[in-house]
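K.L.:
What follows is a structure written as structure tokens; I'll ask about it next.
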Amino acid sequence: MDPVDYTGQENRITFQLYNYWYGLTENCTIPSLKTLSPQDIAPYKNNMVLIDLRNKDDEPTLQVIGQFLCQDIDHDLSHKGLSEIPRRTLLSRITDHYMEVLANRSPISFDAEFKNKAREKIFYRGILLPFSDDGENIDFILGAIRWITEEEKNTPKKSEVKPVIPAEETPPPEPASFTQESPKNPPLLADSLDACRALVQGQSPTHQRSRKSLYEALGSILDFYDLCCTSPDSYGQLLKDAELKAQKRAPFTPVLKLCFGRNYDKTRLTEYAAALAFAKKHNQNGSLLPDFLDHFPGGIKGCVQAQRAGLDEPPIEKNWATVDKMASIANFKLAKDDNDATDGRYFLLLARREGPHMDVIKILNNDKKILRGVLNRISKDQK
């Protein structure tokens with residue numbers, strides 16, 4: 001299917017082109033560039049770049065650069081190496097991610113913001129798609145990017161009717177998260193949800209049921225969650241159709257149920273929700289999440305423990321009344337004040353004991369996780 005056919009259903013360039021690319025795979029993992037039709041991608045050509053990786057002994061080169069991307073650089077870089085791309089350009093924002101495609105052997109999407117050479121804040125979203133001549137080695141990577149300036153993002157859209165522009169000159173619509181939702185043109189989430197469900201069902205381009213494919217699925221779900229936040233009415237309709245309800249205390253749970261199914265193992269859904277909440281708290285997005293989970297100690301379970309440790313940390317002055325009532329066994333002034341280590345009402349000491357004599361050697365750094373465990377145990381012993 002022509003990717004333009006998805007425009008009315010899902011206005012994110014990443015899903016439009018990913019769905020088109022995935023339709024080219026058929027029985028292979030990575031399609032050939034020959035299967036791609038120039039007519040199909042014509043509406044995106046000004047926002048695209050084709051990276052040539054056929055020469056394994058030299059750096060990748062830029063085969064084709066879209067007109068809008070050329071306008072952002074000072075000179076023609078056609079057939080030049082990636083190292084010649086100027087920094088603070090949109091072209092650099094695309095090519096900075098090409099190694100991720102080689103590592104994952106699958107498409108990757110990305111979105112962020114940066115300040116260009118004119119010091120304007122730019123918000124962008126893009127995708128990189130691998131192609132192979134032999135179905136094994138990645139010979140080309142096709143990249144596409146859409147962007148909007150901060151001024152354009154904050155300018156209310158006018159309601160006047162726009163003139164009809166020929167299809168070949170019509171740029172794809174702005175990514176959903178860059179625009180405000182309006183009743184006349186609400187972003188639709190159905191295709192995004194379908195893409196998440198496809199990954200959940202093991203239909204990732206990697207064709208592997210593995211930790212990696214799970215991380216990819218969760219990354220897609222995190223992007224889907226962000227899209228839902230920009231489209232509350234459309235998201236509410238999805239939940240209503242699935243007989244689910246939004247949860248303020250567990251915002252990721254209904255999203256996960258939409259993707260995995262409401263009858264999926266509740267323990268795993270709870271863990272995934274905690275991991276996504278922890279990743280979101282650390283400013284992760286869908287494209288960054290797989291690498292974040294892969295390198296975080298303990299992976300998903302490590303994130304769950306870290307998230308729960310933060311959520312379960314009660315204010316000491318409110319929850320440790322039992323410890324407050326205990327009589328002290330000694331009272332003295334410190335010979336040396338160490339305010340940095342005693343940030344808080346309770347703290348730990350390292351002491352050396354010889355019979356009834358005890359010397360305080362050091363005030364330990366205030367590790368709240370250890371301190372909470374000690375106070376918990378003391379509180380339970382006193383009850």
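Naming scheme: A, B, ... for chains in displayed order of the structure tokens; residues 1 onward per chain; ligands 1 onward as shown.
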When you look at Leu69 (chain A) with a cut-off of 7 Å (counting only C-alpha atoms), what residues show up, excluding the ones that are within fewer than 6 positions of it in the same chain? I need them as a list in words.

P.N.:
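Residues near the query, excluding close chain neighbours: Asn47, Leu90 and Leu91 of chain A.
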
K.L.:
Kindly export the residues of the current selection with N, CA and C atoms, as a tab-separated table (two decimals), in the first residue's frame.

P.N.:
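Resulting contents of part_3.tsv:
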```tsv
chain	number	residue	atom	x	y	z
A	47	ASN	N	12.05	15.49	2.21
A	47	ASN	CA	12.43	15.30	3.62
A	47	ASN	C	13.27	14.05	3.82
A	90	LEU	N	19.64	19.45	10.37
A	90	LEU	CA	18.66	18.37	10.42
A	90	LEU	C	19.23	17.09	9.83
A	91	LEU	N	20.10	17.23	8.84
A	91	LEU	CA	20.72	16.05	8.24
A	91	LEU	C	21.54	15.30	9.27
```

K.L.:
Could you please write out, as number ranges by chain, every residue of region 25-136 of chain A that DSSP assigns to helix (DSSP H, G or I)?

P.N.:
A: 25, 33-35, 42-47, 67-70, 82-84, 90-95, 98-104

K.L.:
For Asn116 (chain A), find every residue with an atom within 7 Å (counting only C-alpha atoms), except residues of its own chain fewer than 4 positions away, and show them as a list in words.

P.N.:
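Everything that qualifies: Arg88, Thr89, Glu120, Lys121 and Ile122 of chain A.
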
K.L.:
Mind checking DSSP for region 34-177 of chain A and telling me the strand (DSSP E) residues as a ChimeraX atom specification?

P.N.:
/A:48-52,61-65,108-115,121-131,140-149

K.L.:
Nearest to Asp324 (chain A) among A:Ile363, A:Leu142, A:Ile378, A:Ala351, with distances taken over only C-alpha atoms: which residue is it?

P.N.:
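Using only C-alpha atoms, the shortest distance to Asp324 (chain A) belongs to A:Ile378.
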
K.L.:
With distances taken over only C-alpha atoms, which residue among A:Pro31, A:Gly66, A:Pro107, A:Gly310 lies nearest Met48 (chain A)?

P.N.:
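Among the listed residues, A:Gly66 lies closest to Met48 (chain A).
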